[in-house]
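Text of data34.cif, listed as mmCIF, C-alpha atoms and all ligand atoms:
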data_my_file
loop_
_atom_site.group_PDB
_atom_site.id
_atom_site.type_symbol
_atom_site.label_atom_id
_atom_site.label_comp_id
_atom_site.auth_asym_id
_atom_site.auth_seq_id
_atom_site.Cartn_x
_atom_site.Cartn_y
_atom_site.Cartn_z
ATOM 1 C CA MET H 1 -63.743 1.230 91.754
ATOM 2 C CA ARG H 2 -60.868 -1.209 91.051
ATOM 3 C CA GLY H 3 -61.809 -4.813 91.852
ATOM 4 C CA ARG H 4 -65.223 -4.035 93.306
ATOM 5 C CA LEU H 5 -67.039 -5.310 90.237
ATOM 6 C CA ARG H 6 -65.282 -8.675 90.418
ATOM 7 C CA GLU H 7 -66.131 -8.932 94.091
ATOM 8 C CA ARG H 8 -69.775 -8.184 93.306
ATOM 9 C CA LEU H 9 -69.899 -10.852 90.586
ATOM 10 C CA LYS H 10 -68.592 -13.657 92.799
ATOM 11 C CA GLY H 11 -71.191 -16.424 92.762
ATOM 12 C CA VAL H 12 -72.934 -14.801 89.778
ATOM 13 C CA ILE H 13 -70.532 -15.764 86.999
ATOM 14 C CA PRO H 14 -68.291 -18.860 86.977
ATOM 15 C CA PRO H 15 -65.138 -18.484 89.124
ATOM 16 C CA GLU H 16 -62.850 -19.213 86.133
ATOM 17 C CA SER H 17 -64.346 -16.206 84.292
ATOM 18 C CA LEU H 18 -63.980 -13.732 87.136
ATOM 19 C CA SER H 19 -60.423 -12.764 86.248
ATOM 20 C CA LEU H 20 -61.685 -11.611 82.823
ATOM 21 C CA VAL H 21 -63.966 -8.990 84.352
ATOM 22 C CA PRO H 22 -62.398 -5.578 83.610
ATOM 23 C CA ARG H 23 -60.819 -3.881 86.606
ATOM 24 C CA SER H 24 -61.991 -0.469 85.481
ATOM 25 C CA TYR H 25 -64.624 1.213 83.351
ATOM 26 C CA ASP H 26 -65.653 4.798 82.667
ATOM 27 C CA ILE H 27 -68.558 6.547 84.282
ATOM 28 C CA ILE H 28 -69.757 9.717 82.581
ATOM 29 C CA GLY H 29 -72.468 11.872 84.112
ATOM 30 C CA SER H 30 -73.494 13.059 87.519
ATOM 31 C CA ARG H 31 -75.323 11.889 90.612
ATOM 32 C CA GLY H 32 -78.718 12.262 88.921
ATOM 33 C CA LYS H 33 -77.875 10.310 85.783
ATOM 34 C CA ALA H 34 -74.748 8.645 84.475
ATOM 35 C CA VAL H 35 -73.702 6.057 81.909
ATOM 36 C CA ALA H 36 -71.049 3.396 82.370
ATOM 37 C CA ILE H 37 -68.845 2.347 79.454
ATOM 38 C CA ILE H 38 -67.098 -0.996 79.726
ATOM 39 C CA GLU H 39 -65.080 -3.335 77.528
ATOM 40 C CA ILE H 40 -66.567 -6.813 77.761
ATOM 41 C CA PRO H 41 -64.307 -9.645 76.561
ATOM 42 C CA GLU H 42 -65.913 -12.092 74.133
ATOM 43 C CA GLU H 43 -65.872 -14.891 76.754
ATOM 44 C CA LEU H 44 -67.985 -12.774 79.114
ATOM 45 C CA ARG H 45 -70.691 -11.910 76.586
ATOM 46 C CA PRO H 46 -73.096 -14.540 77.990
ATOM 47 C CA TYR H 47 -72.888 -12.724 81.352
ATOM 48 C CA GLU H 48 -73.105 -9.132 80.138
ATOM 49 C CA ALA H 49 -76.578 -8.595 81.605
ATOM 50 C CA GLU H 50 -75.309 -9.702 85.043
ATOM 51 C CA ILE H 51 -72.234 -7.480 84.674
ATOM 52 C CA ALA H 52 -74.385 -4.467 83.764
ATOM 53 C CA GLU H 53 -76.717 -5.189 86.664
ATOM 54 C CA ALA H 54 -73.773 -5.341 89.074
ATOM 55 C CA ILE H 55 -72.427 -1.996 87.787
ATOM 56 C CA MET H 56 -75.827 -0.362 88.298
ATOM 57 C CA GLU H 57 -75.984 -1.766 91.827
ATOM 58 C CA LEU H 58 -72.502 -0.488 92.629
ATOM 59 C CA HIS H 59 -73.232 2.977 91.207
ATOM 60 C CA ARG H 60 -76.818 4.060 91.802
ATOM 61 C CA SER H 61 -76.365 7.017 89.414
ATOM 62 C CA VAL H 62 -75.683 4.733 86.437
ATOM 63 C CA LYS H 63 -78.864 4.414 84.380
ATOM 64 C CA SER H 64 -77.349 2.930 81.190
ATOM 65 C CA VAL H 65 -74.488 0.514 80.585
ATOM 66 C CA LEU H 66 -72.719 0.611 77.216
ATOM 67 C CA ALA H 67 -70.308 -1.981 75.858
ATOM 68 C CA LYS H 68 -67.354 -0.890 73.719
ATOM 69 C CA GLU H 69 -67.755 -2.538 70.324
ATOM 70 C CA SER H 70 -64.768 -1.038 68.519
ATOM 71 C CA GLY H 71 -61.754 1.177 68.905
ATOM 72 C CA ARG H 72 -62.065 4.874 68.152
ATOM 73 C CA ALA H 73 -62.295 5.556 64.437
ATOM 74 C CA GLY H 74 -63.053 8.201 61.844
ATOM 75 C CA ASP H 75 -62.641 11.964 61.928
ATOM 76 C CA TYR H 76 -64.995 12.302 64.892
ATOM 77 C CA ARG H 77 -62.919 9.794 66.940
ATOM 78 C CA LEU H 78 -66.012 7.804 67.939
ATOM 79 C CA ARG H 79 -66.272 4.170 68.931
ATOM 80 C CA ARG H 80 -69.286 1.921 68.438
ATOM 81 C CA LEU H 81 -71.101 1.529 71.738
ATOM 82 C CA ARG H 82 -73.896 -0.964 72.369
ATOM 83 C CA LEU H 83 -76.529 -0.537 75.063
ATOM 84 C CA ILE H 84 -76.486 -3.678 77.194
ATOM 85 C CA ALA H 85 -78.796 -2.506 79.969
ATOM 86 C CA GLY H 86 -80.834 0.433 81.125
ATOM 87 C CA ASP H 87 -82.091 3.656 79.562
ATOM 88 C CA PRO H 88 -81.576 4.046 75.788
ATOM 89 C CA ASP H 89 -81.393 7.822 76.323
ATOM 90 C CA THR H 90 -77.676 8.184 77.027
ATOM 91 C CA GLU H 91 -77.395 11.971 77.190
ATOM 92 C CA VAL H 92 -75.861 13.051 80.505
ATOM 93 C CA ILE H 93 -74.403 16.092 82.235
ATOM 94 C CA HIS H 94 -70.877 15.334 83.414
ATOM 95 C CA LYS H 95 -69.369 17.335 86.261
ATOM 96 C CA GLU H 96 -65.661 18.108 86.240
ATOM 97 C CA ALA H 97 -63.841 20.627 88.430
ATOM 98 C CA GLY H 98 -66.887 22.840 88.827
ATOM 99 C CA CYS H 99 -67.754 22.676 85.098
ATOM 100 C CA LEU H 100 -70.774 21.005 83.490
ATOM 101 C CA PHE H 101 -70.452 19.124 80.208
ATOM 102 C CA LYS H 102 -73.663 17.931 78.580
ATOM 103 C CA LEU H 103 -73.025 15.174 76.041
ATOM 104 C CA ASP H 104 -74.100 11.862 74.599
ATOM 105 C CA PRO H 105 -71.140 9.444 74.403
ATOM 106 C CA MET H 106 -72.888 7.662 71.526
ATOM 107 C CA LYS H 107 -72.508 10.811 69.383
ATOM 108 C CA VAL H 108 -69.381 12.624 70.550
ATOM 109 C CA TYR H 109 -65.865 12.064 71.859
ATOM 110 C CA PHE H 110 -65.449 12.621 75.576
ATOM 111 C CA SER H 111 -63.091 11.036 78.076
ATOM 112 C CA PRO H 112 -63.501 11.612 81.815
ATOM 113 C CA ARG H 113 -59.939 10.272 82.220
ATOM 114 C CA GLU H 114 -58.510 13.468 80.746
ATOM 115 C CA ALA H 115 -59.747 15.735 83.547
ATOM 116 C CA THR H 116 -56.283 16.068 85.128
ATOM 117 C CA GLU H 117 -54.690 16.948 81.798
ATOM 118 C CA ARG H 118 -57.333 19.602 81.134
ATOM 119 C CA GLY H 119 -56.616 21.064 84.559
ATOM 120 C CA ARG H 120 -52.887 21.150 83.792
ATOM 121 C CA ILE H 121 -53.489 23.110 80.589
ATOM 122 C CA ALA H 122 -55.947 25.519 82.228
ATOM 123 C CA SER H 123 -53.463 26.297 84.996
ATOM 124 C CA LYS H 124 -50.793 27.326 82.458
ATOM 125 C CA VAL H 125 -52.981 30.088 81.008
ATOM 126 C CA ALA H 126 -52.343 33.668 82.074
ATOM 127 C CA GLU H 127 -54.922 36.445 82.283
ATOM 128 C CA GLY H 128 -55.471 38.321 79.047
ATOM 129 C CA GLU H 129 -54.546 35.485 76.703
ATOM 130 C CA ARG H 130 -56.096 34.904 73.304
ATOM 131 C CA ILE H 131 -56.322 31.157 72.742
ATOM 132 C CA LEU H 132 -57.261 28.767 69.942
ATOM 133 C CA VAL H 133 -58.489 25.268 70.822
ATOM 134 C CA MET H 134 -58.511 23.143 67.683
ATOM 135 C CA PHE H 135 -60.562 19.887 67.797
ATOM 136 C CA SER H 136 -62.555 21.249 70.734
ATOM 137 C CA GLY H 137 -65.257 18.537 70.994
ATOM 138 C CA VAL H 138 -67.999 19.376 73.515
ATOM 139 C CA GLY H 139 -65.759 22.133 74.887
ATOM 140 C CA PRO H 140 -63.946 20.696 77.912
ATOM 141 C CA TYR H 141 -60.624 22.500 77.290
ATOM 142 C CA PRO H 142 -62.017 25.961 76.492
ATOM 143 C CA ILE H 143 -64.569 25.781 79.296
ATOM 144 C CA ARG H 144 -62.067 24.602 81.937
ATOM 145 C CA ILE H 145 -59.800 27.504 80.939
ATOM 146 C CA ALA H 146 -62.633 30.046 80.852
ATOM 147 C CA LYS H 147 -63.909 28.993 84.287
ATOM 148 C CA LEU H 148 -60.438 29.393 85.788
ATOM 149 C CA ARG H 149 -59.408 32.687 84.215
ATOM 150 C CA GLY H 150 -61.351 35.943 84.198
ATOM 151 C CA ASP H 151 -59.954 37.610 81.105
ATOM 152 C CA VAL H 152 -59.473 35.181 78.218
ATOM 153 C CA ASP H 153 -60.687 35.071 74.643
ATOM 154 C CA ILE H 154 -60.951 31.501 73.338
ATOM 155 C CA THR H 155 -61.847 30.304 69.846
ATOM 156 C CA ALA H 156 -62.970 26.644 69.726
ATOM 157 C CA VAL H 157 -63.125 24.793 66.390
ATOM 158 C CA GLU H 158 -64.910 21.438 66.009
ATOM 159 C CA LEU H 159 -65.940 19.338 62.997
ATOM 160 C CA ASN H 160 -68.617 17.035 64.486
ATOM 161 C CA PRO H 161 -71.922 18.990 64.481
ATOM 162 C CA ASP H 162 -73.220 17.071 67.519
ATOM 163 C CA ALA H 163 -70.089 17.918 69.499
ATOM 164 C CA HIS H 164 -70.244 21.557 68.373
ATOM 165 C CA ASN H 165 -73.921 21.815 69.396
ATOM 166 C CA TYR H 166 -73.124 20.413 72.837
ATOM 167 C CA CYS H 167 -70.217 22.855 73.069
ATOM 168 C CA VAL H 168 -72.597 25.751 72.380
ATOM 169 C CA GLU H 169 -74.959 24.441 75.073
ATOM 170 C CA ASN H 170 -72.098 23.876 77.511
ATOM 171 C CA ILE H 171 -70.842 27.431 77.021
ATOM 172 C CA HIS H 172 -74.272 28.636 78.215
ATOM 173 C CA LEU H 173 -74.492 26.048 81.015
ATOM 174 C CA ASN H 174 -71.162 27.309 82.352
ATOM 175 C CA ARG H 175 -71.912 30.986 81.649
ATOM 176 C CA VAL H 176 -68.744 31.639 79.665
ATOM 177 C CA GLU H 177 -70.449 33.116 76.572
ATOM 178 C CA ASP H 178 -68.253 36.214 76.706
ATOM 179 C CA LYS H 179 -65.030 34.174 76.738
ATOM 180 C CA VAL H 180 -65.539 31.142 74.447
ATOM 181 C CA HIS H 181 -66.427 31.468 70.763
ATOM 182 C CA PRO H 182 -67.331 28.132 69.135
ATOM 183 C CA ILE H 183 -66.993 27.569 65.388
ATOM 184 C CA LEU H 184 -68.388 24.525 63.580
ATOM 185 C CA GLY H 185 -66.109 23.381 60.800
ATOM 186 C CA ASP H 186 -62.954 21.701 59.607
ATOM 187 C CA VAL H 187 -59.835 23.426 60.957
ATOM 188 C CA ARG H 188 -58.547 23.318 57.364
ATOM 189 C CA ASP H 189 -61.319 25.716 56.314
ATOM 190 C CA VAL H 190 -61.692 27.698 59.522
ATOM 191 C CA CYS H 191 -58.097 28.393 60.587
ATOM 192 C CA PRO H 192 -56.950 30.202 57.427
ATOM 193 C CA ARG H 193 -59.781 32.707 58.040
ATOM 194 C CA LEU H 194 -58.808 33.446 61.659
ATOM 195 C CA GLU H 195 -56.841 36.487 62.687
ATOM 196 C CA GLY H 196 -53.348 35.449 63.809
ATOM 197 C CA GLY H 197 -51.379 36.453 66.870
ATOM 198 C CA PHE H 198 -52.746 33.817 69.274
ATOM 199 C CA ASP H 199 -50.925 33.521 72.601
ATOM 200 C CA ARG H 200 -51.640 29.788 72.858
ATOM 201 C CA ILE H 201 -52.939 26.991 70.641
ATOM 202 C CA VAL H 202 -54.121 23.630 71.989
ATOM 203 C CA MET H 203 -54.140 20.649 69.576
ATOM 204 C CA PRO H 204 -55.884 17.742 71.385
ATOM 205 C CA LEU H 205 -56.033 15.263 68.489
ATOM 206 C CA PRO H 206 -53.277 12.761 69.297
ATOM 207 C CA LEU H 207 -53.955 10.693 66.207
ATOM 208 C CA GLY H 208 -52.939 13.087 63.481
ATOM 209 C CA ALA H 209 -52.555 16.556 65.030
ATOM 210 C CA TYR H 210 -49.225 16.748 63.201
ATOM 211 C CA ARG H 211 -51.155 17.040 59.912
ATOM 212 C CA PHE H 212 -52.451 20.400 61.113
ATOM 213 C CA LEU H 213 -49.231 21.964 62.412
ATOM 214 C CA ASP H 214 -48.947 24.051 59.248
ATOM 215 C CA LEU H 215 -52.272 25.669 60.146
ATOM 216 C CA ALA H 216 -51.343 26.285 63.765
ATOM 217 C CA ILE H 217 -47.787 27.677 63.561
ATOM 218 C CA PRO H 218 -48.588 30.768 61.451
ATOM 219 C CA LEU H 219 -51.485 31.651 63.766
ATOM 220 C CA LEU H 220 -49.219 31.921 66.823
ATOM 221 C CA GLY H 221 -47.833 35.311 67.761
ATOM 222 C CA GLU H 222 -44.124 35.617 68.511
ATOM 223 C CA GLY H 223 -43.459 33.632 71.680
ATOM 224 C CA GLY H 224 -46.887 31.956 71.489
ATOM 225 C CA ILE H 225 -47.253 28.528 73.097
ATOM 226 C CA LEU H 226 -48.250 25.352 71.282
ATOM 227 C CA HIS H 227 -49.662 22.325 73.159
ATOM 228 C CA PHE H 228 -49.191 19.441 70.757
ATOM 229 C CA TYR H 229 -50.575 15.933 71.422
ATOM 230 C CA HIS H 230 -49.185 12.832 69.728
ATOM 231 C CA TRP H 231 -49.259 9.031 70.002
ATOM 232 C CA ALA H 232 -45.732 7.814 70.681
ATOM 233 C CA ARG H 233 -43.998 4.486 71.100
ATOM 234 C CA GLU H 234 -41.344 3.677 73.705
ATOM 235 C CA PRO H 235 -38.412 4.075 74.074
ATOM 236 C CA SER H 236 -38.181 7.532 72.442
ATOM 237 C CA LEU H 237 -41.478 9.040 73.432
ATOM 238 C CA PHE H 238 -40.925 12.681 72.540
ATOM 239 C CA GLU H 239 -38.416 12.630 69.680
ATOM 240 C CA GLU H 240 -40.921 12.374 66.836
ATOM 241 C CA ALA H 241 -43.291 15.010 68.259
ATOM 242 C CA GLU H 242 -40.412 17.440 68.810
ATOM 243 C CA ARG H 243 -39.094 16.842 65.310
ATOM 244 C CA LEU H 244 -42.537 17.386 63.747
ATOM 245 C CA ILE H 245 -42.962 20.688 65.586
ATOM 246 C CA SER H 246 -39.459 21.911 64.727
ATOM 247 C CA GLU H 247 -39.833 20.995 61.054
ATOM 248 C CA ALA H 248 -43.188 22.766 60.846
ATOM 249 C CA ALA H 249 -41.753 25.878 62.524
ATOM 250 C CA ASP H 250 -38.861 25.782 60.053
ATOM 251 C CA ARG H 251 -41.244 25.835 57.107
ATOM 252 C CA PHE H 252 -42.486 29.230 58.295
ATOM 253 C CA ASP H 253 -39.023 30.556 59.188
ATOM 254 C CA ARG H 254 -39.952 30.294 62.858
ATOM 255 C CA GLU H 255 -38.078 28.640 65.677
ATOM 256 C CA ALA H 256 -39.559 26.133 68.152
ATOM 257 C CA GLU H 257 -38.222 26.125 71.687
ATOM 258 C CA ILE H 258 -39.411 22.964 73.447
ATOM 259 C CA ILE H 259 -40.508 23.975 76.947
ATOM 260 C CA ASP H 260 -42.238 20.878 78.330
ATOM 261 C CA ARG H 261 -42.934 17.239 77.513
ATOM 262 C CA ILE H 262 -45.177 14.886 79.440
ATOM 263 C CA LYS H 263 -46.644 11.408 79.221
ATOM 264 C CA VAL H 264 -50.409 12.006 79.388
ATOM 265 C CA SER H 265 -51.799 8.470 79.390
ATOM 266 C CA GLN H 266 -50.904 4.952 78.380
ATOM 267 C CA TYR H 267 -52.685 3.368 75.443
ATOM 268 C CA SER H 268 -50.994 -0.035 75.354
ATOM 269 C CA PRO H 269 -47.872 -1.526 76.987
ATOM 270 C CA ARG H 270 -45.443 0.585 74.908
ATOM 271 C CA VAL H 271 -47.658 3.274 73.387
ATOM 272 C CA TRP H 272 -48.429 6.580 75.098
ATOM 273 C CA LYS H 273 -50.362 9.725 74.479
ATOM 274 C CA VAL H 274 -47.784 12.468 74.986
ATOM 275 C CA ARG H 275 -47.884 16.232 75.015
ATOM 276 C CA VAL H 276 -45.030 18.430 73.871
ATOM 277 C CA ASP H 277 -45.216 22.172 74.561
ATOM 278 C CA ALA H 278 -43.245 24.559 72.413
ATOM 279 C CA ARG H 279 -42.709 28.296 72.379
ATOM 280 C CA ILE H 280 -42.814 29.455 68.789
ATOM 281 C CA LEU H 281 -40.429 32.337 68.161
HETATM 282 C C1 LIG H 301 -59.715 13.405 70.475
HETATM 283 S S1 LIG H 301 -61.198 14.338 70.240
HETATM 284 C C2 LIG H 301 -60.956 15.617 71.468
HETATM 285 C C3 LIG H 301 -62.208 16.404 71.739
HETATM 286 C C4 LIG H 301 -62.078 17.395 72.908
HETATM 287 N N1 LIG H 301 -60.970 18.309 72.725
HETATM 288 C C5 LIG H 301 -61.939 16.659 74.214
HETATM 289 O O1 LIG H 301 -60.850 16.701 74.792
HETATM 290 O O2 LIG H 301 -62.916 16.044 74.658
HETATM 291 C C6 LIG H 301 -60.830 15.157 68.725
HETATM 292 C C7 LIG H 301 -61.971 16.004 68.159
HETATM 293 O O3 LIG H 301 -61.503 16.627 66.960
HETATM 294 C C8 LIG H 301 -62.556 16.701 66.030
HETATM 295 N N2 LIG H 301 -61.925 16.833 64.701
HETATM 296 C C9 LIG H 301 -61.290 15.866 63.984
HETATM 297 N N3 LIG H 301 -60.819 16.359 62.830
HETATM 298 C C10 LIG H 301 -61.142 17.687 62.825
HETATM 299 C C11 LIG H 301 -60.930 18.742 61.893
HETATM 300 N N4 LIG H 301 -60.288 18.530 60.732
HETATM 301 N N5 LIG H 301 -61.385 19.976 62.205
HETATM 302 C C12 LIG H 301 -62.034 20.208 63.380
HETATM 303 N N6 LIG H 301 -62.275 19.245 64.294
HETATM 304 C C13 LIG H 301 -61.841 17.993 64.020
HETATM 305 C C14 LIG H 301 -63.334 15.405 66.251
HETATM 306 O O4 LIG H 301 -64.651 15.495 65.794
HETATM 307 C C15 LIG H 301 -63.226 15.230 67.779
HETATM 308 O O5 LIG H 301 -64.334 15.785 68.430
#

Output the file's structure in the form of structure tokens.
Amino acid sequence: MRGRLRERLKGVIPPESLSLVPRSYDIIGSRGKAVAIIEIPEELRPYEAEIAEAIMELHRSVKSVLAKESGRAGDYRLRRLRLIAGDPDTEVIHKEAGCLFKLDPMKVYFSPREATERGRIASKVAEGERILVMFSGVGPYPIRIAKLRGDVDITAVELNPDAHNYCVENIHLNRVEDKVHPILGDVRDVCPRLEGGFDRIVMPLPLGAYRFLDLAIPLLGEGGILHFYHWAREPSLFEEAERLISEAADRFDREAEIIDRIKVSQYSPRVWKVRVDARIL
């Protein structure tokens, strides 16, 4: 995809503006119907119709082109998206590693760029595990895990009713009803009512997951694994996340053994989304 859009727009927009055309954009959906999401710099606004047209020519599946109008904000981690061309119905079914995720990017958080990370988490799960996915969105983590493993019991908690409803639909679409149990609600209300002893808890809310560590730690059984996501700034990418986990474990007289740390994706030149995994003893 890199560079092809610029190539396509040669002769359509002024040569001095070509270098402003984004090198990449997201496509969510499948061969039948997809949406493209692109960041259009202010200077290119007069050419956005041509840009959208070029994207739809390059990708025949793309039926709607959305422009990013803001960063992600609010509890639901949504950004404002503006339809610049195509079908106003932006609900799609995204395919990822043999799973189907129905969603409308106007209403829910979803990033196709996190497919590899979801695969990494799913591959760590052993048969027989009982897992809690906090902040589960439309269900990509629980469903990837449930499709890969035969005997798992996954609780998925999500606050945004639209995301929860898609999660319920996606559980049926992927036929994992017996393995994934979705709950609509705030983890602050839901988690204290859950039975503890989880083998694994996933916390995919990089902006602020640390605020919920005190809910997660007591729900983990002895030796249970925590997957904690955090925004971190270079040069010490993992220090803060590790400290937050250890301090939270301390508060419950538990011990955190850090077992893995990875850079998941880059947000800006020095800021990364990181994941720190800890065994809670
Ligand atoms: C970064 S998104 C990740 C969604 C999903 N796990 C994924 O990977 O696509 C974080 C999600 O957490 C949800 N959320 C935020 N605060 C929450 C809370 N207090 N309780 C439950 N869910 C929450 C948001 O609505 C959003 O869908």

Test item: the PyMOL selection byres (((not hetatm)) within 6 of (chain H and resi 301)) resolved as a PyMOL selection string: chain H and resi 75-77+109-110+135-137+140+157-160+185-187+204-205

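The coordinates place atom CA of H:Ser236 at 27.3 Å from atom CA of H:Pro112.
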
Atom pair atom CA of H:Leu9 / atom CA of H:Ala54: separation (Å): 6.9 Å

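Among H:Ile13, H:Leu81, H:Leu207, H:Val138, the residue with the shortest atom-to-atom distance to H:Tyr267, counting all atoms listed in the file, is H:Leu207.
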
Find the residues near H:Phe101: any atom within 9 Å, counting all atoms listed in the file, skip ones fewer than 3 places away on the same chain, and give them as a PDB file with C-alpha atoms, keeping the file's coordinate frame.
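Below you can see result-v4.pdb, which holds the result:
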ATOM      1  CA  GLY H  29     -72.468  11.872  84.112  1.00  0.00           C
ATOM      2  CA  VAL H  92     -75.861  13.051  80.505  1.00  0.00           C
ATOM      3  CA  ILE H  93     -74.403  16.092  82.235  1.00  0.00           C
ATOM      4  CA  HIS H  94     -70.877  15.334  83.414  1.00  0.00           C
ATOM      5  CA  LYS H  95     -69.369  17.335  86.261  1.00  0.00           C
ATOM      6  CA  GLU H  96     -65.661  18.108  86.240  1.00  0.00           C
ATOM      7  CA  VAL H 138     -67.999  19.376  73.515  1.00  0.00           C
ATOM      8  CA  GLY H 139     -65.759  22.133  74.887  1.00  0.00           C
ATOM      9  CA  PRO H 140     -63.946  20.696  77.912  1.00  0.00           C
ATOM     10  CA  ILE H 143     -64.569  25.781  79.296  1.00  0.00           C
ATOM     11  CA  TYR H 166     -73.124  20.413  72.837  1.00  0.00           C
ATOM     12  CA  CYS H 167     -70.217  22.855  73.069  1.00  0.00           C
ATOM     13  CA  GLU H 169     -74.959  24.441  75.073  1.00  0.00           C
ATOM     14  CA  ASN H 170     -72.098  23.876  77.511  1.00  0.00           C
ATOM     15  CA  ILE H 171     -70.842  27.431  77.021  1.00  0.00           C
ATOM     16  CA  LEU H 173     -74.492  26.048  81.015  1.00  0.00           C
ATOM     17  CA  ASN H 174     -71.162  27.309  82.352  1.00  0.00           C
TER      18      ASN H 174
END

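Residue nearest H:Arg6, chosen from H:Pro161, H:Pro22, H:Gly224, H:Pro192 and counting all atoms listed in the file: H:Pro22.
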
Hits of the PyMOL selection byres (((chain H and resi 88) around 12) and not hetatm) in this structure, as an MDAnalysis selection string: chainID H and resid 34:35 63:66 81:87 89:92 104:106

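If you measure from each of H:Val62, H:Ala52, H:Ile154, H:Leu100 to H:Lys33 using all atoms listed in the file, the closest one turns out to be H:Val62.
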
Selection near H:Gln266, 12 Å with only C-alpha atoms, sequence-local residues under 4 positions removed, as number ranges by chain: H: 113-114, 230-234, 237, 262, 270-274

Just write the chosen residues, C-alpha atoms, as a PDB file, in the frame of the given file.
ATOM      1  CA  ARG H 113     -59.939  10.272  82.220  1.00  0.00           C
ATOM      2  CA  GLU H 114     -58.510  13.468  80.746  1.00  0.00           C
ATOM      3  CA  HIS H 230     -49.185  12.832  69.728  1.00  0.00           C
ATOM      4  CA  TRP H 231     -49.259   9.031  70.002  1.00  0.00           C
ATOM      5  CA  ALA H 232     -45.732   7.814  70.681  1.00  0.00           C
ATOM      6  CA  ARG H 233     -43.998   4.486  71.100  1.00  0.00           C
ATOM      7  CA  GLU H 234     -41.344   3.677  73.705  1.00  0.00           C
ATOM      8  CA  LEU H 237     -41.478   9.040  73.432  1.00  0.00           C
ATOM      9  CA  ILE H 262     -45.177  14.886  79.440  1.00  0.00           C
ATOM     10  CA  ARG H 270     -45.443   0.585  74.908  1.00  0.00           C
ATOM     11  CA  VAL H 271     -47.658   3.274  73.387  1.00  0.00           C
ATOM     12  CA  TRP H 272     -48.429   6.580  75.098  1.00  0.00           C
ATOM     13  CA  LYS H 273     -50.362   9.725  74.479  1.00  0.00           C
ATOM     14  CA  VAL H 274     -47.784  12.468  74.986  1.00  0.00           C
TER      15      VAL H 274
END

Result set of the PyMOL selection byres (((chain H and resi 258) around 10) and not hetatm) on the coordinates above, as an MDAnalysis selection string: chainID H and resid 225:226 242 245:246 255:257 259:261 276:280

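The two atoms in question, atom CA of H:Phe212 and atom CA of H:Lys68, are spaced 28.9 Å apart.
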
Best match for closeness to H:Ser24 among H:Leu215, H:Leu5, H:Leu220, H:Ala209, counting only C-alpha atoms: H:Leu5

Residues within 12 Å of H:Pro218, all atoms listed in the file, excluding chain neighbours under 2 positions, as a PyMOL selection string: chain H and resi 191-201+212-216+220-226+248-255+280-281

Polymer residues at most 7 Å from H:Val133, only C-alpha atoms, same-chain spacing of 5 or more positions, as a ChimeraX atom specification: /H:142,155-157,201-203

Counting only C-alpha atoms, the residue of H:Met134, H:Val108, H:Ala67, H:Val21 that sits nearest H:Ala36: H:Ala67

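Non-sequential neighbours of H:Lys107 (distance at most 8 Å, separation of 6 or more positions within a chain, all atoms listed in the file) are Leu78, Asp162 and Ala163 of chain H.
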
Restricting it to C-alpha atoms, dump the selection as a PDB file, keeping the file's coordinate frame.
ATOM      1  CA  LEU H  78     -66.012   7.804  67.939  1.00  0.00           C
ATOM      2  CA  ASP H 162     -73.220  17.071  67.519  1.00  0.00           C
ATOM      3  CA  ALA H 163     -70.089  17.918  69.499  1.00  0.00           C
TER       4      ALA H 163
END

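With distances taken from (-57.1, 29.2, 83.9) and restricted to all atoms listed in the file, the residues inside 12 Å are Ala97, Arg118, Gly119, Arg120, Ile121, Ala122, Ser123, Lys124, Val125, Ala126, Glu127, Gly128, Glu129, Ile131, Tyr141, Pro142, Ile143, Arg144, Ile145, Ala146, Lys147, Leu148, Arg149, Gly150, Asp151, Val152, Asp153, Ile154 and Lys179 of chain H.
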
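Shortest atom-to-atom contact with H:Tyr25 among H:Ala49, H:Ala241, H:Leu132, H:Ile55: H:Ile55, counting only C-alpha atoms.
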
Report the centre and edge lengths, in Å to one decimal, of an axis-aligned box enclosing every atom of stretch 94-113 of chain H listed in the file, padded by 6 Å on each side, as AutoDock Vina command-line options.
--center_x -67.0 --center_y 15.3 --center_z 79.1 --size_x 26.2 --size_y 27.2 --size_z 31.4
